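K.L.:
First the structure, which I've put down as structure tokens, then a few questions once you've had a look.
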2 protein chains.
Amino acid sequence: MVSGMSASAEASSTPPPTDRRSRRRLETIEEILDIAQDIMTEDGVNALTLSEVARRLGVQPPSLYKYFDSLLAVYDALFERGQRIHYEALQRAAQGAAPGLPALHAMLDASGRWCLANSPIAQLLFSRPVPGFEPTEASLEPSVAMVQLQRDALADAVEHGQLGPGAASDEAVWFLSIFIIGSLSQAIANEPDLPWGTGRFTPLLPRLVDLLVALYPPAG
Amino acid sequence: MVSGMSASAEASSTPPPTDRRSRRRLETIEEILDIAQDIMTEDGVNALTLSEVARRLGVQPPSLYKYFDSLLAVYDALFERGQRIHYEALQRAAQGAAPGLPALHAMLDASGRWCLANSPIAQLLFSRPVPGFEPTEASLEPSVAMVQLQRDALADAVEHGQLGPGAASDEAVWFLSIFIIGSLSQAIANEPDLPWGTGRFTPLLPRLVDLLVALYPPAG
DNA sequence: GTCTATATTATGATAGAC
DNA sequence: GTCTATCATAATATAGAC
């Protein structure tokens, strides 16, 4: 029944085609996803329905099935797109900072900002709020890359003597993820409308770097 | 429309009545909540419907309205009950251990075990997965008490010289909550079927105590 | 406090004309 | 690729008999 995501797979794995019809098609797909995200932002992750998307797109519900096989396929496409954009944000942040702790700090900052600005997508990525929805393997791919990104930053920090050798470990990566998810969960659940850097939780996220230093003290 | 939770309020604020009819009524309410929790455990927090509850209870859907005003009222009762039971578990854990860090450790352990064993309820408590559901003020009450419990344990630890004075602060409480929620979110989302203490995330929760020590080093 | 009957509304999805 | 028409299903909730 969950037939996958032919449409969104097209959107992600195929390079942008020059063909005008295909381009128009991809635009529509993006528009559908944008509307879906709007709905989730307004009324919650589980409030997404194809009927409402059709309503806002100014189209009849059956038309949407030309772009997505099912409602779950839309969720999957949202998951995939979110995962990808989030990853790219992290990557940009890491590249724009010095290797090691500064890169790590920049990544935390970028991650926090993005997730808070796209909280329903973040919920989709980091918890399982939709009955029956499980991301496909393809959608999970960037997640693996993201872990690698963090692992690299940790290894860099160790190499630069900013963290002790224990930080180049799976454990440290899990610590990182726990802290990111925890502060974001708290912020989204309890202070959804506060901007990044304010409130009780998001200001603590950058301090995770201090925490890592405390946990894995550098040799010197 | 969301008229509150007359039924569940009865269940929590009234001391157990000796009257047989009332007792039977409370039993039914508890049974409804148990069934609701089962459904959420099997199919997700958002899979809860009154029809399914009625089906399993062997009763027609309208009958349920004698006990709860609406579906959201059931969610609220689940929230309230979960909050209360979780709190009592923490309290017991704290009382069964030496004051300060041991109590803190015991609380983390108890919290983790309970949340993992009641993950849909935990999701209800710590995120907002149900469109339209906001816990009533009364339901949030134990949450305040829980924060106080943690604050007390931190203060004890400071008093016993196990943590530096900075640990007797709101910040430390938020750190605690972030770490608890984070590790549980990760465990529930990624390793829902692994028992407590196994997997990548739950073994890290007890180490939060070390983290606190690193963050707020005692004077000596 | 339980039931039947029903109102109301909504959903996901398919068939087939254009 | 859009539409109309429709299927099939399900939900919350209320009215009123017993």
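Naming works like this for the structure tokens: A, B, ... for the chains as they're shown, residue 1 at the start of each chain, ligands 1 onward in shown order.
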Can you pull out the residues contacting Ile121 of chain A? Cut-off 12 Å, using only C-alpha atoms (C1' of nucleotides), and skip same-chain residues under 6 positions away; I want them as an MDAnalysis selection string.

P.N.:
chainID A and resid 33:34 36:41 44:46 48 75:86 114:115 127:130 188

K.L.:
Near DT2 of chain C, counting only C-alpha atoms (C1' of nucleotides), which residues have an atom at most 12 Å away, once you skip same-chain residues fewer than 6 positions from it, shown as a PyMOL selection string?

P.N.:
(chain B and resi 58-66) or (chain D and resi 17-18)

K.L.:
Output N, CA, C and O atoms (P, O5', C5', C4', C3', O3' and C1' of nucleotides) of each residue in that selection to a file, as a PDB file, in the first residue's frame.

P.N.:
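Result file follows (selection-v1.pdb):
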ATOM      1  N   GLY B  58     -16.187  -3.011  24.321  1.00  0.00           N
ATOM      2  CA  GLY B  58     -17.419  -3.766  24.126  1.00  0.00           C
ATOM      3  C   GLY B  58     -18.645  -2.928  24.374  1.00  0.00           C
ATOM      4  O   GLY B  58     -19.604  -3.347  25.021  1.00  0.00           O
ATOM      5  N   VAL B  59     -18.603  -1.709  23.874  1.00  0.00           N
ATOM      6  CA  VAL B  59     -19.672  -0.769  24.163  1.00  0.00           C
ATOM      7  C   VAL B  59     -19.871   0.102  22.929  1.00  0.00           C
ATOM      8  O   VAL B  59     -19.026   0.138  22.040  1.00  0.00           O
ATOM      9  N   GLN B  60     -20.997   0.768  22.843  1.00  0.00           N
ATOM     10  CA  GLN B  60     -21.221   1.640  21.699  1.00  0.00           C
ATOM     11  C   GLN B  60     -20.606   3.020  21.956  1.00  0.00           C
ATOM     12  O   GLN B  60     -20.634   3.505  23.089  1.00  0.00           O
ATOM     13  N   PRO B  61     -20.085   3.638  20.902  1.00  0.00           N
ATOM     14  CA  PRO B  61     -19.392   4.919  21.069  1.00  0.00           C
ATOM     15  C   PRO B  61     -20.133   5.954  21.904  1.00  0.00           C
ATOM     16  O   PRO B  61     -19.514   6.605  22.759  1.00  0.00           O
ATOM     17  N   PRO B  62     -21.440   6.142  21.718  1.00  0.00           N
ATOM     18  CA  PRO B  62     -22.112   7.194  22.498  1.00  0.00           C
ATOM     19  C   PRO B  62     -21.994   6.987  24.006  1.00  0.00           C
ATOM     20  O   PRO B  62     -22.029   7.961  24.761  1.00  0.00           O
ATOM     21  N   SER B  63     -21.873   5.737  24.433  1.00  0.00           N
ATOM     22  CA  SER B  63     -21.797   5.477  25.868  1.00  0.00           C
ATOM     23  C   SER B  63     -20.592   6.159  26.507  1.00  0.00           C
ATOM     24  O   SER B  63     -20.626   6.537  27.682  1.00  0.00           O
ATOM     25  N   LEU B  64     -19.547   6.304  25.723  1.00  0.00           N
ATOM     26  CA  LEU B  64     -18.329   6.890  26.281  1.00  0.00           C
ATOM     27  C   LEU B  64     -18.538   8.335  26.717  1.00  0.00           C
ATOM     28  O   LEU B  64     -17.827   8.838  27.596  1.00  0.00           O
ATOM     29  N   TYR B  65     -19.524   8.979  26.102  1.00  0.00           N
ATOM     30  CA  TYR B  65     -19.750  10.389  26.436  1.00  0.00           C
ATOM     31  C   TYR B  65     -20.335  10.569  27.833  1.00  0.00           C
ATOM     32  O   TYR B  65     -20.440  11.689  28.318  1.00  0.00           O
ATOM     33  N   LYS B  66     -20.706   9.474  28.466  1.00  0.00           N
ATOM     34  CA  LYS B  66     -21.103   9.559  29.866  1.00  0.00           C
ATOM     35  C   LYS B  66     -19.877   9.717  30.758  1.00  0.00           C
ATOM     36  O   LYS B  66     -19.981  10.111  31.912  1.00  0.00           O
TER      37      LYS B  66
ATOM     38  P    DA D  17     -38.188   9.769  23.215  1.00  0.00           P
ATOM     39  O5'  DA D  17     -38.346   8.182  23.223  1.00  0.00           O
ATOM     40  C5'  DA D  17     -38.237   7.463  21.999  1.00  0.00           C
ATOM     41  C4'  DA D  17     -37.671   6.068  22.266  1.00  0.00           C
ATOM     42  C3'  DA D  17     -38.361   5.338  23.430  1.00  0.00           C
ATOM     43  O3'  DA D  17     -38.582   3.980  23.068  1.00  0.00           O
ATOM     44  C1'  DA D  17     -36.025   5.501  23.852  1.00  0.00           C
ATOM     45  P    DC D  18     -39.487   3.102  24.048  1.00  0.00           P
ATOM     46  O5'  DC D  18     -38.479   2.512  25.101  1.00  0.00           O
ATOM     47  C5'  DC D  18     -37.565   1.479  24.722  1.00  0.00           C
ATOM     48  C4'  DC D  18     -36.661   1.165  25.889  1.00  0.00           C
ATOM     49  C3'  DC D  18     -37.378   0.835  27.196  1.00  0.00           C
ATOM     50  O3'  DC D  18     -37.279  -0.568  27.436  1.00  0.00           O
ATOM     51  C1'  DC D  18     -35.439   2.204  27.523  1.00  0.00           C
TER      52       DC D  18
END

K.L.:
Write out as a ChimeraX atom specification every residue belonging to chain B that has an atom at most 9 Å from any atom of chain D, counting only C-alpha atoms (C1' of nucleotides).

P.N.:
/B:49-51,62,65,70-71

K.L.:
Compile the residues of chain C that lie within 10 Å of chain A, evaluated using only C-alpha atoms (C1' of nucleotides), and express the compilation as an NGL selection string.

P.N.:
:C and (10-14)

K.L.:
Would you mind listing, as a PyMOL selection string, all residues of chain B that have at least one atom within 9 Å of chain A, where only C-alpha atoms are what counts?

P.N.:
chain B and resi 43-47+123+126-132+170-171+174-175+177-186+188-190+200-201+204+210-211+214-215

K.L.:
Can you list, as a short mmCIF file (atom, residue, chain, number, x, y, z; two decimals) with N, CA, C and O atoms, in the first residue's frame, every residue of segment 55-92 of chain B that DSSP puts in alpha helix (DSSP H)?

P.N.:
data_model
loop_
_atom_site.label_atom_id
_atom_site.label_comp_id
_atom_site.auth_asym_id
_atom_site.auth_seq_id
_atom_site.Cartn_x
_atom_site.Cartn_y
_atom_site.Cartn_z
N ARG B 55 -15.06 0.00 20.77
CA ARG B 55 -14.98 -1.34 20.21
C ARG B 55 -14.32 -2.29 21.20
O ARG B 55 -14.81 -3.38 21.49
N ARG B 56 -13.19 -1.85 21.74
CA ARG B 56 -12.44 -2.74 22.64
C ARG B 56 -13.11 -2.88 24.00
O ARG B 56 -12.95 -3.90 24.67
N LEU B 57 -13.82 -1.85 24.38
CA LEU B 57 -14.49 -1.91 25.68
C LEU B 57 -15.78 -2.73 25.56
O LEU B 57 -16.38 -3.10 26.56
N LEU B 71 -13.17 13.59 22.72
CA LEU B 71 -11.91 12.89 22.53
C LEU B 71 -10.76 13.66 23.18
O LEU B 71 -9.89 13.06 23.83
N LEU B 72 -10.79 14.97 23.04
CA LEU B 72 -9.72 15.77 23.64
C LEU B 72 -9.72 15.65 25.16
O LEU B 72 -8.66 15.72 25.79
N ALA B 73 -10.91 15.46 25.73
CA ALA B 73 -10.97 15.28 27.18
C ALA B 73 -10.27 13.99 27.59
O ALA B 73 -9.66 13.92 28.66
N VAL B 74 -10.35 12.97 26.75
CA VAL B 74 -9.63 11.73 27.03
C VAL B 74 -8.12 11.98 26.99
O VAL B 74 -7.37 11.54 27.87
N TYR B 75 -7.69 12.70 25.96
CA TYR B 75 -6.27 13.04 25.89
C TYR B 75 -5.83 13.80 27.14
O TYR B 75 -4.76 13.55 27.70
N ASP B 76 -6.68 14.69 27.58
CA ASP B 76 -6.30 15.48 28.76
C ASP B 76 -6.20 14.60 29.99
O ASP B 76 -5.29 14.75 30.81
N ALA B 77 -7.14 13.67 30.12
CA ALA B 77 -7.09 12.76 31.27
C ALA B 77 -5.84 11.88 31.21
O ALA B 77 -5.21 11.62 32.24
N LEU B 78 -5.48 11.45 30.00
CA LEU B 78 -4.26 10.66 29.85
C LEU B 78 -3.05 11.48 30.24
O LEU B 78 -2.13 11.00 30.91
N PHE B 79 -3.06 12.71 29.81
CA PHE B 79 -1.97 13.63 30.15
C PHE B 79 -1.85 13.79 31.66
O PHE B 79 -0.77 13.63 32.23
N GLU B 80 -2.99 14.03 32.28
CA GLU B 80 -2.99 14.27 33.73
C GLU B 80 -2.52 13.02 34.49
O GLU B 80 -1.67 13.10 35.36
N ARG B 81 -3.08 11.88 34.09
CA ARG B 81 -2.70 10.64 34.77
C ARG B 81 -1.22 10.35 34.58
O ARG B 81 -0.51 9.98 35.52
N GLY B 82 -0.74 10.52 33.34
CA GLY B 82 0.67 10.26 33.06
C GLY B 82 1.57 11.17 33.87
O GLY B 82 2.53 10.71 34.50
N GLN B 83 1.25 12.43 33.83
CA GLN B 83 2.01 13.41 34.61
C GLN B 83 2.09 12.99 36.08
O GLN B 83 3.16 13.01 36.69
N ARG B 84 0.95 12.60 36.62
CA ARG B 84 0.88 12.26 38.04
C ARG B 84 1.69 11.00 38.36
O ARG B 84 2.49 10.98 39.29
N ILE B 85 1.50 9.96 37.55
CA ILE B 85 2.21 8.70 37.82
C ILE B 85 3.72 8.88 37.65
O ILE B 85 4.52 8.38 38.45
N HIS B 86 4.08 9.63 36.62
CA HIS B 86 5.50 9.89 36.41
C HIS B 86 6.10 10.62 37.61
O HIS B 86 7.18 10.28 38.10
N TYR B 87 5.35 11.59 38.07
CA TYR B 87 5.83 12.36 39.22
C TYR B 87 6.00 11.47 40.45
O TYR B 87 7.01 11.55 41.16
N GLU B 88 5.02 10.63 40.67
CA GLU B 88 5.10 9.75 41.84
C GLU B 88 6.29 8.80 41.74
O GLU B 88 6.95 8.50 42.74
N ALA B 89 6.58 8.36 40.53
CA ALA B 89 7.74 7.48 40.34
C ALA B 89 9.03 8.22 40.69
O ALA B 89 9.92 7.68 41.36
N LEU B 90 9.11 9.48 40.25
CA LEU B 90 10.30 10.27 40.56
C LEU B 90 10.43 10.48 42.07
O LEU B 90 11.52 10.37 42.64
N GLN B 91 9.29 10.77 42.67
CA GLN B 91 9.29 11.04 44.10
C GLN B 91 9.78 9.81 44.87
O GLN B 91 10.64 9.91 45.75
N ARG B 92 9.21 8.67 44.53
CA ARG B 92 9.63 7.43 45.19
C ARG B 92 11.13 7.20 45.02
O ARG B 92 11.83 6.83 45.96
#

K.L.:
Figure out the distance between atom CA of Asp109 of chain B and atom CA of Thr202 of chain B, please, to one decimal in Å.

P.N.:
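Separation of atom CA of Thr202 of chain B and atom CA of Asp109 of chain B: 9.3 Å.
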
K.L.:
So how far away is atom CA of Asp19 of chain A from atom CA of Tyr67 of chain A, in Å?

P.N.:
17.2 Å

K.L.:
Compile the contact shell of Arg113 of chain B as a PyMOL selection string: residues with an atom at most 10 Å away, counting only C-alpha atoms (C1' of nucleotides), same-chain residues fewer than 3 positions apart removed.

P.N.:
chain B and resi 89+107-110+116-119+184+195-197+202

K.L.:
Save the residues we just selected, N, CA and C atoms, as a JSON list (two decimals), in the first residue's frame?

P.N.:
[["chain", "number", "residue", "atom", "x", "y", "z"],
["B", 89, "ALA", "N", 6.58, 8.36, 40.53],
["B", 89, "ALA", "CA", 7.74, 7.48, 40.34],
["B", 89, "ALA", "C", 9.03, 8.22, 40.69],
["B", 107, "MET", "N", 16.44, 9.45, 40.26],
["B", 107, "MET", "CA", 15.33, 10.09, 39.56],
["B", 107, "MET", "C", 15.49, 9.94, 38.04],
["B", 108, "LEU", "N", 16.68, 10.14, 37.55],
["B", 108, "LEU", "CA", 16.91, 9.99, 36.12],
["B", 108, "LEU", "C", 16.60, 8.57, 35.68],
["B", 109, "ASP", "N", 17.05, 7.64, 36.48],
["B", 109, "ASP", "CA", 16.81, 6.24, 36.16],
["B", 109, "ASP", "C", 15.32, 5.93, 36.14],
["B", 110, "ALA", "N", 14.64, 6.38, 37.16],
["B", 110, "ALA", "CA", 13.20, 6.11, 37.25],
["B", 110, "ALA", "C", 12.46, 6.77, 36.10],
["B", 116, "LEU", "N", 10.15, 5.18, 28.91],
["B", 116, "LEU", "CA", 10.34, 4.20, 27.86],
["B", 116, "LEU", "C", 9.26, 3.13, 27.90],
["B", 117, "ALA", "N", 8.81, 2.82, 29.10],
["B", 117, "ALA", "CA", 7.76, 1.81, 29.24],
["B", 117, "ALA", "C", 6.39, 2.38, 28.91],
["B", 118, "ASN", "N", 6.30, 3.71, 28.86],
["B", 118, "ASN", "CA", 5.02, 4.36, 28.56],
["B", 118, "ASN", "C", 5.24, 5.42, 27.49],
["B", 119, "SER", "N", 5.90, 5.01, 26.42],
["B", 119, "SER", "CA", 6.39, 6.01, 25.48],
["B", 119, "SER", "C", 5.29, 6.88, 24.86],
["B", 184, "LEU", "N", 15.52, 10.40, 25.69],
["B", 184, "LEU", "CA", 14.29, 9.63, 25.53],
["B", 184, "LEU", "C", 13.71, 9.78, 24.14],
["B", 195, "PRO", "N", 14.92, -2.49, 25.41],
["B", 195, "PRO", "CA", 14.63, -2.21, 26.82],
["B", 195, "PRO", "C", 15.58, -1.14, 27.38],
["B", 196, "TRP", "N", 15.18, -0.62, 28.49],
["B", 196, "TRP", "CA", 15.95, 0.40, 29.18],
["B", 196, "TRP", "C", 17.39, -0.08, 29.46],
["B", 197, "GLY", "N", 18.34, 0.80, 29.22],
["B", 197, "GLY", "CA", 19.73, 0.48, 29.54],
["B", 197, "GLY", "C", 20.48, -0.16, 28.39],
["B", 202, "THR", "N", 19.82, 5.29, 25.87],
["B", 202, "THR", "CA", 19.47, 5.23, 27.29],
["B", 202, "THR", "C", 20.67, 4.97, 28.21]]

K.L.:
Tell me, in Å to one decimal, how far atom CA of Leu149 of chain A is from atom CA of Arg207 of chain A.

P.N.:
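Between atom CA of Leu149 of chain A and atom CA of Arg207 of chain A the gap is 19.4 Å.
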